[in-house]
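What follows is a single structure, written as structure tokens, with notes after it.
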Amino acid sequence: MAATASGRHAWRQLMRDTSRRSVSTNGSNFLRYQQQLYRSPFSRQVSSSSGRVALRSPSSLLRQQQQQQPLGQRLYSSESSQGSGNTTPPPPPPPPKNSRSQVKFWPFVVVIALGSGGYMLLVNNRKEMPPTDKNAQGATPAFSPSEVTVLFVLGGPGAGKGTQCARLVNDYHFKHLSAGDLLRAEQNRPGSQYGQLIKDYIKDGLIVPMEVTVALLENAMRDTITESKGATNKFLIDGFPRKMDQALKFEEIVCPAKLVLFYDCPEAEMERRLLERGKTSGRADDNAESIRKRFRTFVETSMPVVDHYEKENRVVKVDATATPDKVYATTQEKLKNVLGDKL
Ligand SMILES: Nc1ncnc2c1ncn2[C@@H]1O[C@H](COP(=O)(O)OP(=O)(O)OP(=O)(O)O)[C@@H](O)[C@H]1O
Ligand SMILES: O=c1ccn([C@@H]2O[C@H](COP(=O)(O)O)[C@@H](O)[C@H]2O)c(=O)[nH]1
């Protein structure tokens, strides 16, 4: 309830801000406002020497996550369903310096003229441009799918993803990258500014802001390719993407996935496995309460990702209830059918 009330408050605040701004549409204020509105939500800093992706600060990530949510769902209280940090609403924009209405038209004319000129130049040059790897959004992924094979491995918590990945690595020389393992390593890395944030999200079974996970995966892929001098170029990305925004962003900027290997297992069986694993795993989320939250996140947030890929005919579904040996035999058979030599 408190979250909904603050969502409504944020909406009213924004309505007040926008109408206040529109009164004084002085040229430079207007342009600055447009730039704020259309600023890229995923601006990355890539080191020119190593190519590694640097991350933005946790508070800016949380702010960005709130901005990406529909207004009605923006949560500013500690009851946020996607975070436990105490974030405050973004401050209202500064009031306009000059409250008298003075609409100047020349900046619009200049912008339109420059835009039209640029567009004509683009159209004229288009015929001479070589073909590129750019995707529909205009971004070029870091790795080309013709050189790098990515399989996403999905399934509920405890479905047996890690167990099956270990076997595929052994037999087919994939590199196994578990998003959960990468997050836990980052959480425990001395000096990491994301440690506490990741810890809180994992304990509550929530999905860490995508920018962190996508950058960790991209860097791990880059390191693997560099260290193997290009010999390792097949990746099992385990437990990712768990949310639609991650799926779209990863395929846009890192590498389009070949397929999704989906392990289907009933909740009762997954719960039994996780409680058993919890006796020795030392994982903060292998307990009854966290498991319940993880199941909920899986159904509400991760299953839509599987459904999305299913519609694109990119899912290889395997029944994960049998013994590990039988599940692996089915996995091999189905992957061979789809990938042939590429396996
Ligand atoms: N087919 C199976 N039958 C019975 N137990 C299994 C099977 N596959 C895996 N397990 C056991 O279940 C537990 C969870 O398996 P695993 O860690 O592979 O699952 P996961 O899907 O990677 O889990 P998570 O998403 O939590 O990382 C482990 O203790 C594992 O030994
Ligand atoms: O893309 C991801 C993957 C995982 N998480 C968080 O990590 C835990 C544990 O993941 P496992 O795959 O079970 O090891 C998961 O519950 C999420 O909290 C994530 O945020 N994003």
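Convention: chains lettered A, B, ... in structure tokens order; per-chain residue numbering from 1; ligands numbered from 1 as shown.
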Contact residues around stretch 160-170 of chain A with only C-alpha atoms at 9 Å, ignoring same-chain residues under 2 positions, as a list in words: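 The contact residues come out as Val153, Leu154, Gly155, Gly156, Pro157, Gly158, Tyr172, His173, Phe174, Lys175, His176, Ser178, Leu236, Asp238, Gly239, Phe262, Tyr263, Cys265, Met270, Arg273, Ala320, Pro324, Val327, Tyr328, Thr331 and Gln332 of chain A.
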Under the rule of at most 8 Å, produce a per-residue listing of chain A near ligand 2: chain, number, name, the closest pair of atoms, and the distance in Å, as a Markdown table, using only C-alpha atoms and all ligand atoms.
| residue | atom | partner | partner_atom_place_in_ligand_line | distance |
| --- | --- | --- | --- | --- |
| A:Pro157 | CA | ligand 2 | 13 (O) | 5.4 |
| A:Gly158 | CA | ligand 2 | 13 (O) | 7.3 |
| A:Ser178 | CA | ligand 2 | 12 (O) | 6.5 |
| A:Ala179 | CA | ligand 2 | 3 (C) | 4.7 |
| A:Gly180 | CA | ligand 2 | 14 (O) | 3.6 |
| A:Asp181 | CA | ligand 2 | 14 (O) | 5.8 |
| A:Leu183 | CA | ligand 2 | 7 (O) | 6.5 |
| A:Arg184 | CA | ligand 2 | 7 (O) | 7.5 |
| A:Ile198 | CA | ligand 2 | 20 (O) | 7.5 |
| A:Tyr201 | CA | ligand 2 | 18 (O) | 5.2 |
| A:Ile202 | CA | ligand 2 | 18 (O) | 3.5 |
| A:Lys203 | CA | ligand 2 | 18 (O) | 6.7 |
| A:Asp204 | CA | ligand 2 | 18 (O) | 6.7 |
| A:Gly205 | CA | ligand 2 | 16 (O) | 4.1 |
| A:Leu206 | CA | ligand 2 | 18 (O) | 4.4 |
| A:Ile207 | CA | ligand 2 | 20 (O) | 3.3 |
| A:Val208 | CA | ligand 2 | 20 (O) | 3.6 |
| A:Pro209 | CA | ligand 2 | 20 (O) | 7.0 |
| A:Met210 | CA | ligand 2 | 21 (N) | 7.1 |
| A:Thr213 | CA | ligand 2 | 1 (O) | 5.9 |
| A:Val214 | CA | ligand 2 | 1 (O) | 7.9 |
| A:Asp238 | CA | ligand 2 | 12 (O) | 6.8 |
| A:Gly239 | CA | ligand 2 | 12 (O) | 4.4 |
| A:Phe240 | CA | ligand 2 | 1 (O) | 4.5 |
| A:Pro241 | CA | ligand 2 | 1 (O) | 5.3 |
| A:Arg242 | CA | ligand 2 | 1 (O) | 5.2 |
| A:Lys243 | CA | ligand 2 | 1 (O) | 7.5 |
| A:Gln246 | CA | ligand 2 | 1 (O) | 7.4 |
| A:Asp285 | CA | ligand 2 | 16 (O) | 7.3 |
| A:Arg294 | CA | ligand 2 | 16 (O) | 5.6 |
Go ahead and write the selection's residues with N, CA and C atoms as a short mmCIF file (atom, residue, chain, number, x, y, z; two decimals), in the first residue's frame.
data_model
loop_
_atom_site.label_atom_id
_atom_site.label_comp_id
_atom_site.auth_asym_id
_atom_site.auth_seq_id
_atom_site.Cartn_x
_atom_site.Cartn_y
_atom_site.Cartn_z
N PRO A 157 14.80 -22.92 -9.74
CA PRO A 157 15.89 -23.14 -8.78
C PRO A 157 15.94 -24.62 -8.38
N GLY A 158 17.09 -25.25 -8.56
CA GLY A 158 17.22 -26.66 -8.19
C GLY A 158 16.78 -27.63 -9.27
N SER A 178 28.03 -19.45 -14.84
CA SER A 178 26.79 -19.36 -14.06
C SER A 178 26.62 -17.92 -13.58
N ALA A 179 25.49 -17.32 -13.95
CA ALA A 179 25.26 -15.92 -13.54
C ALA A 179 25.26 -15.81 -12.02
N GLY A 180 24.62 -16.81 -11.35
CA GLY A 180 24.57 -16.80 -9.89
C GLY A 180 25.98 -16.87 -9.30
N ASP A 181 26.84 -17.76 -9.86
CA ASP A 181 28.21 -17.88 -9.33
C ASP A 181 28.99 -16.57 -9.53
N LEU A 183 27.75 -13.59 -9.71
CA LEU A 183 27.24 -12.59 -8.75
C LEU A 183 27.79 -12.87 -7.35
N ARG A 184 27.82 -14.15 -6.96
CA ARG A 184 28.34 -14.47 -5.61
C ARG A 184 29.83 -14.13 -5.52
N ILE A 198 24.13 -7.07 -3.96
CA ILE A 198 23.95 -8.43 -4.47
C ILE A 198 23.47 -9.36 -3.36
N TYR A 201 19.75 -8.86 -2.68
CA TYR A 201 18.91 -9.37 -3.76
C TYR A 201 18.86 -10.90 -3.74
N ILE A 202 20.02 -11.53 -3.56
CA ILE A 202 20.07 -13.00 -3.61
C ILE A 202 19.28 -13.59 -2.44
N LYS A 203 19.43 -13.02 -1.25
CA LYS A 203 18.72 -13.56 -0.08
C LYS A 203 17.21 -13.49 -0.29
N ASP A 204 16.76 -12.44 -0.97
CA ASP A 204 15.32 -12.28 -1.21
C ASP A 204 14.87 -12.93 -2.52
N GLY A 205 15.78 -13.61 -3.18
CA GLY A 205 15.42 -14.30 -4.43
C GLY A 205 15.05 -13.35 -5.55
N LEU A 206 15.56 -12.12 -5.48
CA LEU A 206 15.22 -11.12 -6.51
C LEU A 206 16.31 -11.04 -7.57
N ILE A 207 15.97 -10.40 -8.67
CA ILE A 207 16.92 -10.30 -9.79
C ILE A 207 17.74 -9.02 -9.66
N VAL A 208 19.03 -9.19 -9.54
CA VAL A 208 19.97 -8.07 -9.44
C VAL A 208 19.83 -7.19 -10.70
N PRO A 209 19.94 -5.85 -10.58
CA PRO A 209 19.81 -5.00 -11.77
C PRO A 209 20.67 -5.52 -12.92
N MET A 210 20.03 -5.56 -14.09
CA MET A 210 20.64 -6.28 -15.22
C MET A 210 22.04 -5.77 -15.59
N THR A 213 24.81 -7.84 -13.96
CA THR A 213 24.96 -9.23 -14.42
C THR A 213 25.44 -9.28 -15.87
N VAL A 214 24.89 -8.42 -16.71
CA VAL A 214 25.30 -8.43 -18.12
C VAL A 214 26.79 -8.07 -18.23
N ASP A 238 24.43 -20.13 -17.63
CA ASP A 238 23.54 -20.87 -16.72
C ASP A 238 22.79 -19.90 -15.78
N GLY A 239 21.46 -20.08 -15.74
CA GLY A 239 20.65 -19.25 -14.83
C GLY A 239 20.48 -17.83 -15.31
N PHE A 240 20.52 -17.65 -16.59
CA PHE A 240 20.41 -16.33 -17.21
C PHE A 240 19.88 -16.51 -18.63
N PRO A 241 19.02 -15.65 -19.14
CA PRO A 241 18.43 -14.47 -18.52
C PRO A 241 17.20 -14.83 -17.68
N ARG A 242 17.11 -14.21 -16.51
CA ARG A 242 16.02 -14.49 -15.58
C ARG A 242 14.89 -13.46 -15.71
N LYS A 243 15.11 -12.46 -16.57
CA LYS A 243 14.13 -11.38 -16.68
C LYS A 243 14.22 -10.86 -18.12
N GLN A 246 16.97 -8.38 -19.19
CA GLN A 246 18.31 -8.98 -19.32
C GLN A 246 18.47 -9.67 -20.67
N ASP A 285 20.69 -18.70 0.30
CA ASP A 285 19.32 -18.77 -0.21
C ASP A 285 18.80 -20.21 -0.32
N ARG A 294 12.28 -17.48 -4.24
CA ARG A 294 12.91 -17.76 -5.55
C ARG A 294 11.90 -18.41 -6.51
#
Filtered DSSP result for stretch 131-271 of chain A, state strand (DSSP E), as a list in words: Thr149, Val150, Leu151, Phe152, Val153, Leu154, Gly155, Lys175, His176, Leu177, Ser178, Lys234, Phe235, Leu236, Ile237, Asp238, Leu259, Val260, Leu261, Phe262, Tyr263 and Asp264 of chain A
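Distances here use only C-alpha atoms and all ligand atoms; by that measure, the residue among A:Arg283, A:Lys317, A:Arg277, A:Lys258 closest to ligand 1 is A:Arg277.
Nearest residue to ligand 1 among A:Thr232, A:Thr224, A:Ser144, A:Ser302 is A:Ser302, counting only C-alpha atoms and all ligand atoms.
Of the residues listed (A:Arg314, A:Arg52, A:Arg189, A:Lys279), A:Lys279 shows the shortest atom-to-atom separation from ligand 1; distances use only C-alpha atoms and all ligand atoms.
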Sel. of alpha helix (DSSP H) residues, stretch 158-235 of chain A, as a PyMOL selection string: chain A and resi 161-172+179-188+195-203+210-227
Using only C-alpha atoms and all ligand atoms: which of A:Leu274, A:Thr301, A:Trp106, A:Glu333 has the shortest distance to ligand 1: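 Between A:Leu274, A:Thr301, A:Trp106, A:Glu333, the residue approaching ligand 1 most closely is A:Leu274.
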Selected residue of minimal separation from ligand 1 among A:Val306, A:Leu339, A:Leu177, A:Ile253, counting only C-alpha atoms and all ligand atoms: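 Looking at the shortest contact to ligand 1, the residue is A:Leu177.
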